[in-house]
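A.B. asks: Okay, here's the structure, questions in a sec.
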Amino acid sequence: PAITTSLSSPIKFKEFLGTYNKLTENCFMDCVKDFTTREVKSEESTCSESCLQKYLKMTQRISMRFQEYHIQQNEALAQKAGLMGPR
């Protein structure tokens, strides 16, 4: 239910799929090196998990910074308009 509401529009879903596919491709290219066996080696698995965690942390950090920037911009606009006193 949560994923269907947040990805309800076709544009959002298409964007999500593009991001997912790019992440999968990048981590695969960086981590999977041995094609002589069907088994995933432990090094490849660890690398893939680290790659995903790094990406998730990066996107979380970018989102937080964007929110901080947005709040600062709104405060600056409010100060200009005389709605808030200086900090």
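By convention here, the chains of the structure tokens are called A, B, ... in the order presented, each chain's residues are numbered starting at 1, and ligands are numbered starting at 1 in the order presented.
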Extract the full set of alpha helix (DSSP H) residues from chain A according to DSSP on the backbone, and format it as a VMD selection string.

C.D. replies: chain A and resid 2 to 6 10 to 31 42 to 80

A.B. asks: Which neighbours of Gln53 in chain A fall inside 12 Å, counting only C-alpha atoms, when residues of the same chain fewer than 6 positions from it are skipped, and could you give them as a VMD selection string?

C.D. replies: chain A and resid 23 27 46 to 47 59 to 60

A.B. asks: In terms of the shortest atom-to-atom distance over only C-alpha atoms, which of A:Asn26, A:Ser8, A:Gln79, A:Thr37 is closest to Tyr55 in chain A?

C.D. replies: A:Asn26

A.B. asks: Write out as a list in words which residues come within 9 Å of Val32 in chain A when counting only C-alpha atoms, dropping same-chain ones fewer than 5 positions away.

C.D. replies: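 After dropping sequence-adjacent residues, the list is Cys27, Val40, Lys41, Glu43, Glu44, Ser45, Cys47 and Ser48 of chain A.
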
A.B. asks: Select, from A:Arg61, A:Gln67, A:Leu56, A:Arg38, the residue with the minimum atom-to-atom distance to Thr19 in chain A, counting only C-alpha atoms.

C.D. replies: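 Of all the options, A:Leu56 lies closest to Thr19 in chain A.
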
A.B. asks: Which residue gives the smallest distance to Ser50 in chain A among A:Leu17, A:Cys31, A:Ile11, A:Ile71, with only C-alpha atoms counted?

C.D. replies: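 Looking at the shortest contact to Ser50 in chain A, the residue is A:Cys31.
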
A.B. asks: Grab the CA of Asp30 in chain A to CA of Glu49 in chain A distance for me, in Å with one decimal place.

C.D. replies: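 Interatomic distance here is 11.6 Å.
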